[in-house]
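Note sheet for the following structure.
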2 protein chains.
Amino acid sequence: MSTIDEPIDRQLAELARGTEEILPDGGLAAKLGQGRPLIVKAGFDPTAPDLHLGHTVLINKMRQFQEFGHEVVFLIGDFTGMIGDPSGKNATRPPLSEEEIRANAATYEEQIFKILDRERTRVEFNSTWVSELGAAGMIRLAAKHTVARMLERDDFSKRYAGGQPISIHEFLYPLVQGYDSVALEADVELGGTDQKFNLLVGRQLQQDYGQAPQVVMTTPLLEGLDGVEKMSKSKGNYIGITEAPGEMFGKIMKISDEMMWRYYELLSFRSLEDIAALKASVDAGMNPRDAKFALGREIVARFHDEAAAERAEAAFVAQFQQRAIPEDMPEVTLEADGSSIGIAYLLKGAELVSSTSEAFRMIKQGAVRVDGDRIEDRGLEVAKGSTAVYQVGRRRFARVSVV
Amino acid sequence: MSTIDEPIDRQLAELARGTEEILPDGGLAAKLGQGRPLIVKAGFDPTAPDLHLGHTVLINKMRQFQEFGHEVVFLIGDFTGMIGDPSGKNATRPPLSEEEIRANAATYEEQIFKILDRERTRVEFNSTWVSELGAAGMIRLAAKHTVARMLERDDFSKRYAGGQPISIHEFLYPLVQGYDSVALEADVELGGTDQKFNLLVGRQLQQDYGQAPQVVMTTPLLEGLDGVEKMSKSKGNYIGITEAPGEMFGKIMKISDEMMWRYYELLSFRSLEDIAALKASVDAGMNPRDAKFALGREIVARFHDEAAAERAEAAFVAQFQQRAIPEDMPEVTLEADGSSIGIAYLLKGAELVSSTSEAFRMIKQGAVRVDGDRIEDRGLEVAKGSTAVYQVGRRRFARVSVV
């Protein structure tokens with residue numbers, strides 16, 4: 001791994017890579033200029049984690065800091081997790097017991113240490129210092145911020161204007177999160193774009209407590225396999241980091257060539273220079289499929305190992321050769337009518353058949369395959385968000401994305 | 001003392017006496033109808049108390065409940081007192097130490113037990129249960145109320161609309177006060193009219209905690225000696241409950257005949273029937289001065305003793321006889337020009353002299369007295385809010401109130 005002796009310009013370029021915002025302007029350069037390891041904080045909910053590649057964008061950013069020799073704090077927000085949703089309105093947020101939180105933390109660690117260096121990661125639980133505040137400390141903390149400024153937060157202002165209730169405890173959570181930065185004396189806090197307001201509260205509180213305010217860095221939400229919606233489990237357009245090597249590799253091969261470069265930027269550990277060189281090769285005629293193969297291998301190797309990555313690639317190639325699926329085929333995007341589209345309409349929309357009745361006949365004859373698997377159900381509904389190779393007879397192919 | 005066997009109608013009439021509001025309608029009758037001793041709560045700031053008669057209106061109401069056999073809780077809000085003003089904006093509200101709070105509580109007790117029955121008063125400190133909430137409990141409590149409803153409170157809505165900052169902890173204080181009602185399982189909470197919103201928060205919280213909500217009773221602010229402004233130390237129109245008997249008696253004798261009945265309603269322990277009879281006597285020709293004497297004796301005896309009350313009355317009478325101050329004289333009200341009025345203008349305004357130069361001449365001759373004391377300073381300024389007997393020469397008298 002590199003060290004903080006790395007030139008500031010190079011650190012800045014890599015750390016800024018793929019971020020949405022770094023605040024304040026010039027703040028990160030000033031912190032890096034101090035020449036000491038920075039304390040880099042990122043907070044996580046203590047709910048049962050099942051990370052997908054979208055979540056790893058932030059963790060990758062933590063890893064970059066680690067690579068440059070900085071101190072990364074993986075902060076588990078167990079204090080609020082133990083409270084759950086005290087308004088009782090959100091049944092999906094029951095209070096967690098200490099045991100559940102420890103178990104969830106272990107599951108987190110199992111996943112994040114596929115990316116982060118375990119030796120150089122501080123895992124902290126915010127109950128350590130928040131519980132100590134007591135009722136009086138919580139009131140003192142609440143005195144540090146005004147109602148009007150809290151109501152400036154996007155979601156609060158919308159709900160207030162729209163007459164939707166905001167419980168008063170919701171005003172305390174950003175303060176608790178900000179106080180975590182005080183307790184950690186954080187130099188940098190990382191978070192998703194939706195966290196920007198809370199991260200800025202941390203800056204303010206640190207100043208109130210006589211500390212130099214942290215630099216705030218937000219990372220974007222990664223697009224899913226469809227290249228349209230943000231990656232999310234509920235949209236079915238995600239790659240889970242515990243998925244099997246073949247599954248993972250196959251999914252990465254489904255993304256568009258354009259999306260591949262976005263994934264390189266946010267998911268690859270290759271340097272910006274390496275990626276620029278690869279892109280130049282593709283522009284000069286290299287098959288983009290080979291760049292995608294390289295990305296797939298890198299990702300699979302990260303969450304499994306090199307050997308698994310190679311096997312996954314080989315199996316993928318063999319499967320396509322065996323099924324005689326061509327490398328190039330029409331790419332079609334169809335709009336779902338609601339949350340899905342019927343298989344017959346899909347095949348007609350992709351111009352693989354001339355009518356839905358032809359589609360039904362071909363299915364009956366066993367001449368329709370999806371990703372190489374024969375289908376028999378003429379009532380099959382293909383969910384929004386999916387991308388797959390559809391084949392009718394021996395020669396008609398299309399890669400169809402349903403949006 | 002009476003007991004809860006007292007008919008409900010009679011309890012209701014006395015308890016409603018002089019109150020501003022009793023909420024909800026019929027709530028107090030229903031509580032009394034349960035035939036058990038009610039838990040009656042009144043909260044007090046733990047700041048150094050120096051009570052005047054205005055403060056005793058509320059304490060007298062507590063006494064009435066006690067007389068009817070109910071349980072009175074004198075609640076000292078030490079929890080928030082120990083926090084002070086955490087926003088640091090209010091220098092007059094420094095955090096109090098536990099020792100200071102205990103000392104203040106002792107000073108309170110010394111004063112309130114001149115009115116309340118010590119044996120039947122529960123003195124409680126809310127830190128007992130609020131500290132136990134911890135940081136997590138404070139968040140759970142904050143979840144019980146919404147931002148929008150809190151902003152409905154008069155002073156909050158005005159400040160918010162006016163762009164004046166409201167610190168978030170100010171939203172927590174009404175909840176802490178409300179939680180006190182939960183902890184005490186209060187049946188009734190007494191407070192000033194400015195406390196109405198907070199008392200209603202207590203009702204809501206009790207319902208959230210599965211309790212029958214308390215009845216809320218607000219008492220008015222007593223008018224000061226001038227009969228215009230509310231009694232307050234800063235206005236100089238107050239009677240402190242630790243004042244000397246003669247002082248206290250003399251001040252009561254200064255109030256107008258009309259204000260005397262208001263004082264009877266809010267300050268006297270005589271029953272409504274007694275007071276009605278006294279008023280009938282005055283209407284039938286009894287000298288109102290004698291009713292005022294009786295009120296003065298009652299108040300002085302309460303804070304000192306019967307003997308002191310009698311001595312105060314005798315001294316008052318003797319002083320007036322000695323100084324040959326007539327019992328009847330013109331009552332004049334003059335408007336101050338700013339915060340005071342010059343003595344010469346006052347004498348002219350009261351038609352005791354025909355010009356300010358005559359006034360100056362009479363002062364020089366030693367012919368002007370205020371409440372029997374000769375004055376020598378022709379530049380004397382008489383403060384707004386004062387009432388005194390002015391005498392010029394031997395026969396010109398007027399009782400002048402400066403407003």
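Residues in the structure tokens are named by chain (A, B, ... in the order shown) and by number from 1 within that chain; ligands are numbered from 1 in the order shown.
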Would you kindly return, as a list in words, each protein, DNA or RNA residue with an atom no farther than 10 Å from any atom of Glu351 of chain A, considering only C-alpha atoms and excluding same-chain residues fewer than 6 positions away?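 Here the qualifying residues turn out to be Pro330, Val332, Tyr345, Arg396, Phe397 and Ala398 of chain A.
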Can you write out the residues you just picked, keeping N, CA and C atoms, as a PDB file, in the first residue's frame?
```pdb
ATOM      1  N   PRO A 330     -28.547  -7.545 -31.831  1.00  0.00           N
ATOM      2  CA  PRO A 330     -29.239  -6.272 -31.595  1.00  0.00           C
ATOM      3  C   PRO A 330     -29.502  -6.047 -30.098  1.00  0.00           C
ATOM      4  N   VAL A 332     -31.962  -4.205 -27.613  1.00  0.00           N
ATOM      5  CA  VAL A 332     -33.306  -3.631 -27.667  1.00  0.00           C
ATOM      6  C   VAL A 332     -33.733  -3.225 -26.253  1.00  0.00           C
ATOM      7  N   TYR A 345     -45.301 -10.327 -26.063  1.00  0.00           N
ATOM      8  CA  TYR A 345     -45.171  -8.926 -26.474  1.00  0.00           C
ATOM      9  C   TYR A 345     -43.714  -8.527 -26.549  1.00  0.00           C
ATOM     10  N   ARG A 396     -32.282 -16.245 -34.622  1.00  0.00           N
ATOM     11  CA  ARG A 396     -32.772 -14.921 -34.212  1.00  0.00           C
ATOM     12  C   ARG A 396     -32.387 -14.643 -32.746  1.00  0.00           C
ATOM     13  N   PHE A 397     -31.605 -13.591 -32.543  1.00  0.00           N
ATOM     14  CA  PHE A 397     -31.142 -13.213 -31.196  1.00  0.00           C
ATOM     15  C   PHE A 397     -31.404 -11.725 -30.941  1.00  0.00           C
ATOM     16  N   ALA A 398     -31.658 -11.399 -29.702  1.00  0.00           N
ATOM     17  CA  ALA A 398     -31.640  -9.979 -29.297  1.00  0.00           C
ATOM     18  C   ALA A 398     -31.356  -9.904 -27.802  1.00  0.00           C
TER      19      ALA A 398
END
```
Residue neighbourhood segment 68-77 of chain B, 7 Å, only C-alpha atoms, exclusion window fewer than 4 positions, as a ChimeraX atom specification: /B:2-4,6,37-46,62,64,81,120-126
Residues near Gln206 of chain A, anyone? I mean within 10 Å using only C-alpha atoms, not counting same-chain ones fewer than 6 positions away, as number ranges by chain. A: 178-183, 185-186, 200, 212-214
Find the nearest atom pair between each residue of chain B and chain A for residues within 9 Å, count only C-alpha atoms, give distances in Å to one decimal, sort rows by chain and ascending number, and present the table as JSON lines.
```
{"residue": "B:Phe79", "atom": "CA", "partner": "A:Ala136", "partner_atom": "CA", "distance": 7.7}
{"residue": "B:Thr80", "atom": "CA", "partner": "A:Ala136", "partner_atom": "CA", "distance": 7.8}
{"residue": "B:Met82", "atom": "CA", "partner": "A:Ala136", "partner_atom": "CA", "distance": 8.4}
{"residue": "B:Ile83", "atom": "CA", "partner": "A:Ala136", "partner_atom": "CA", "distance": 6.7}
{"residue": "B:Asp85", "atom": "CA", "partner": "A:Ala143", "partner_atom": "CA", "distance": 8.4}
{"residue": "B:Pro86", "atom": "CA", "partner": "A:Arg140", "partner_atom": "CA", "distance": 5.3}
{"residue": "B:Ser87", "atom": "CA", "partner": "A:Ala143", "partner_atom": "CA", "distance": 5.1}
{"residue": "B:Gly88", "atom": "CA", "partner": "A:Ala143", "partner_atom": "CA", "distance": 8.8}
{"residue": "B:Val130", "atom": "CA", "partner": "A:Ala135", "partner_atom": "CA", "distance": 7.1}
{"residue": "B:Ser131", "atom": "CA", "partner": "A:Ala135", "partner_atom": "CA", "distance": 5.8}
{"residue": "B:Glu132", "atom": "CA", "partner": "A:Ala135", "partner_atom": "CA", "distance": 7.7}
{"residue": "B:Leu133", "atom": "CA", "partner": "A:Ala135", "partner_atom": "CA", "distance": 6.2}
{"residue": "B:Gly134", "atom": "CA", "partner": "A:Gly134", "partner_atom": "CA", "distance": 4.2}
{"residue": "B:Ala135", "atom": "CA", "partner": "A:Gly134", "partner_atom": "CA", "distance": 4.3}
{"residue": "B:Ala136", "atom": "CA", "partner": "A:Ile83", "partner_atom": "CA", "distance": 6.7}
{"residue": "B:Gly137", "atom": "CA", "partner": "A:Ala135", "partner_atom": "CA", "distance": 7.2}
{"residue": "B:Met138", "atom": "CA", "partner": "A:Ala135", "partner_atom": "CA", "distance": 5.6}
{"residue": "B:Ile139", "atom": "CA", "partner": "A:His169", "partner_atom": "CA", "distance": 5.4}
{"residue": "B:Arg140", "atom": "CA", "partner": "A:Pro86", "partner_atom": "CA", "distance": 5.3}
{"residue": "B:Leu141", "atom": "CA", "partner": "A:His169", "partner_atom": "CA", "distance": 7.7}
{"residue": "B:Ala142", "atom": "CA", "partner": "A:His169", "partner_atom": "CA", "distance": 4.6}
{"residue": "B:Ala143", "atom": "CA", "partner": "A:His169", "partner_atom": "CA", "distance": 4.8}
{"residue": "B:Lys144", "atom": "CA", "partner": "A:Ser87", "partner_atom": "CA", "distance": 6.5}
{"residue": "B:His145", "atom": "CA", "partner": "A:Ser167", "partner_atom": "CA", "distance": 5.7}
{"residue": "B:Thr146", "atom": "CA", "partner": "A:Ser167", "partner_atom": "CA", "distance": 4.2}
{"residue": "B:Val147", "atom": "CA", "partner": "A:Ile168", "partner_atom": "CA", "distance": 5.4}
{"residue": "B:Ala148", "atom": "CA", "partner": "A:Pro165", "partner_atom": "CA", "distance": 6.9}
{"residue": "B:Arg149", "atom": "CA", "partner": "A:Pro165", "partner_atom": "CA", "distance": 8.8}
{"residue": "B:Met150", "atom": "CA", "partner": "A:Ile168", "partner_atom": "CA", "distance": 8.7}
{"residue": "B:Tyr160", "atom": "CA", "partner": "A:Ala148", "partner_atom": "CA", "distance": 7.2}
{"residue": "B:Gly163", "atom": "CA", "partner": "A:Ala148", "partner_atom": "CA", "distance": 8.1}
{"residue": "B:Gln164", "atom": "CA", "partner": "A:Ala148", "partner_atom": "CA", "distance": 8.8}
{"residue": "B:Pro165", "atom": "CA", "partner": "A:Thr146", "partner_atom": "CA", "distance": 6.0}
{"residue": "B:Ile166", "atom": "CA", "partner": "A:Thr146", "partner_atom": "CA", "distance": 5.3}
{"residue": "B:Ser167", "atom": "CA", "partner": "A:Thr146", "partner_atom": "CA", "distance": 4.2}
{"residue": "B:Ile168", "atom": "CA", "partner": "A:Ala142", "partner_atom": "CA", "distance": 5.1}
{"residue": "B:His169", "atom": "CA", "partner": "A:Ala142", "partner_atom": "CA", "distance": 4.6}
{"residue": "B:Glu170", "atom": "CA", "partner": "A:Ala143", "partner_atom": "CA", "distance": 7.5}
{"residue": "B:Phe171", "atom": "CA", "partner": "A:Ile168", "partner_atom": "CA", "distance": 7.6}
{"residue": "B:Leu172", "atom": "CA", "partner": "A:Ile139", "partner_atom": "CA", "distance": 7.1}
{"residue": "B:Tyr173", "atom": "CA", "partner": "A:Ile139", "partner_atom": "CA", "distance": 8.6}
```
Spatial neighbours of Glu98 of chain A, max dist 10 Å, only C-alpha atoms, sep filter under 2 positions, as an mmCIF file with N, CA, C and O atoms, in the first residue's frame:
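Output saved as around.cif:
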```cif
data_model
loop_
_atom_site.group_PDB
_atom_site.id
_atom_site.type_symbol
_atom_site.label_atom_id
_atom_site.label_comp_id
_atom_site.auth_asym_id
_atom_site.auth_seq_id
_atom_site.Cartn_x
_atom_site.Cartn_y
_atom_site.Cartn_z
ATOM 1 N N ASP A 78 -25.018 2.078 16.069
ATOM 2 C CA ASP A 78 -25.832 1.140 16.859
ATOM 3 C C ASP A 78 -26.738 1.859 17.854
ATOM 4 O O ASP A 78 -27.775 1.338 18.240
ATOM 5 N N PHE A 79 -26.360 3.101 18.241
ATOM 6 C CA PHE A 79 -27.165 3.792 19.253
ATOM 7 C C PHE A 79 -28.595 3.987 18.769
ATOM 8 O O PHE A 79 -29.559 3.642 19.465
ATOM 9 N N GLY A 81 -29.893 2.490 16.253
ATOM 10 C CA GLY A 81 -30.429 1.167 15.897
ATOM 11 C C GLY A 81 -31.109 0.494 17.078
ATOM 12 O O GLY A 81 -32.118 -0.197 16.914
ATOM 13 N N MET A 82 -30.567 0.730 18.252
ATOM 14 C CA MET A 82 -31.151 0.102 19.446
ATOM 15 C C MET A 82 -32.482 0.767 19.808
ATOM 16 O O MET A 82 -33.260 0.223 20.579
ATOM 17 N N PRO A 95 -36.627 -2.099 17.119
ATOM 18 C CA PRO A 95 -35.378 -1.891 17.858
ATOM 19 C C PRO A 95 -34.534 -3.155 17.818
ATOM 20 O O PRO A 95 -35.056 -4.271 17.871
ATOM 21 N N LEU A 96 -33.224 -2.986 17.706
ATOM 22 C CA LEU A 96 -32.329 -4.137 17.660
ATOM 23 C C LEU A 96 -31.717 -4.352 19.042
ATOM 24 O O LEU A 96 -31.401 -3.397 19.740
ATOM 25 N N GLU A 100 -28.162 -8.638 18.378
ATOM 26 C CA GLU A 100 -28.432 -8.504 16.944
ATOM 27 C C GLU A 100 -27.450 -7.533 16.297
ATOM 28 O O GLU A 100 -26.970 -7.763 15.180
ATOM 29 N N ILE A 101 -27.170 -6.460 17.013
ATOM 30 C CA ILE A 101 -26.263 -5.461 16.452
ATOM 31 C C ILE A 101 -24.855 -6.033 16.294
ATOM 32 O O ILE A 101 -24.216 -5.844 15.261
ATOM 33 N N ARG A 102 -24.403 -6.788 17.302
ATOM 34 C CA ARG A 102 -23.069 -7.407 17.201
ATOM 35 C C ARG A 102 -23.042 -8.398 16.036
ATOM 36 O O ARG A 102 -22.084 -8.468 15.290
ATOM 37 N N ALA A 103 -24.134 -9.154 15.898
ATOM 38 C CA ALA A 103 -24.206 -10.142 14.811
ATOM 39 C C ALA A 103 -24.186 -9.435 13.455
ATOM 40 O O ALA A 103 -23.466 -9.845 12.536
ATOM 41 N N ASN A 104 -24.972 -8.349 13.357
ATOM 42 C CA ASN A 104 -24.987 -7.595 12.110
ATOM 43 C C ASN A 104 -23.615 -7.003 11.808
ATOM 44 O O ASN A 104 -23.171 -6.962 10.661
#
```
Pick out the residues sitting within 9 Å of Leu116 of chain A, and hand them over as a PDB file with C-alpha atoms, in the first residue's frame; count only C-alpha atoms, and ignore anything fewer than 3 positions along from it in its own chain.
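Listing of selection.pdb after writing:
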```pdb
ATOM      1  CA  ILE A  59     -16.400   1.520   0.764  1.00  0.00           C
ATOM      2  CA  ASN A  60     -14.072   1.742  -2.216  1.00  0.00           C
ATOM      3  CA  MET A  62     -12.657   4.438   2.141  1.00  0.00           C
ATOM      4  CA  ARG A  63     -10.187   1.970   0.688  1.00  0.00           C
ATOM      5  CA  GLN A  66      -6.504   3.649   3.389  1.00  0.00           C
ATOM      6  CA  ILE A 112     -16.331  -4.989   3.990  1.00  0.00           C
ATOM      7  CA  PHE A 113     -13.012  -6.669   4.636  1.00  0.00           C
ATOM      8  CA  GLU A 119      -5.527  -4.121   9.967  1.00  0.00           C
ATOM      9  CA  ARG A 120      -5.999  -0.491   9.084  1.00  0.00           C
ATOM     10  CA  THR A 121      -9.721  -0.144   9.776  1.00  0.00           C
TER      11      THR A 121
END
```
Taking only segment 13-234 of chain A into account, list the residues labelled alpha helix (DSSP H) by DSSP (computed from the backbone), as JSON, numbers by chain. {"A": [13, 14, 15, 16, 27, 28, 29, 30, 31, 32, 53, 54, 55, 56, 57, 58, 59, 60, 61, 62, 63, 64, 65, 66, 67, 78, 79, 80, 81, 82, 83, 98, 99, 100, 101, 102, 103, 104, 105, 106, 107, 108, 109, 110, 111, 112, 127, 128, 129, 130, 131, 132, 133, 134, 135, 136, 137, 138, 139, 140, 141, 142, 147, 148, 149, 150, 154, 155, 156, 157, 158, 159, 160, 161, 169, 170, 171, 172, 173, 174, 175, 176, 177, 178, 179, 180, 181, 182, 183, 184, 196, 197, 198, 199, 200, 201, 202, 203, 204, 205, 206, 207, 208]}
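We find atom CA of Ala314 of chain B and atom CA of Gly393 of chain B to be spaced 25.6 Å apart.
Taking atom CA of Glu109 of chain A and atom CA of Glu313 of chain A as the two end points, the separation is 27.6 Å.
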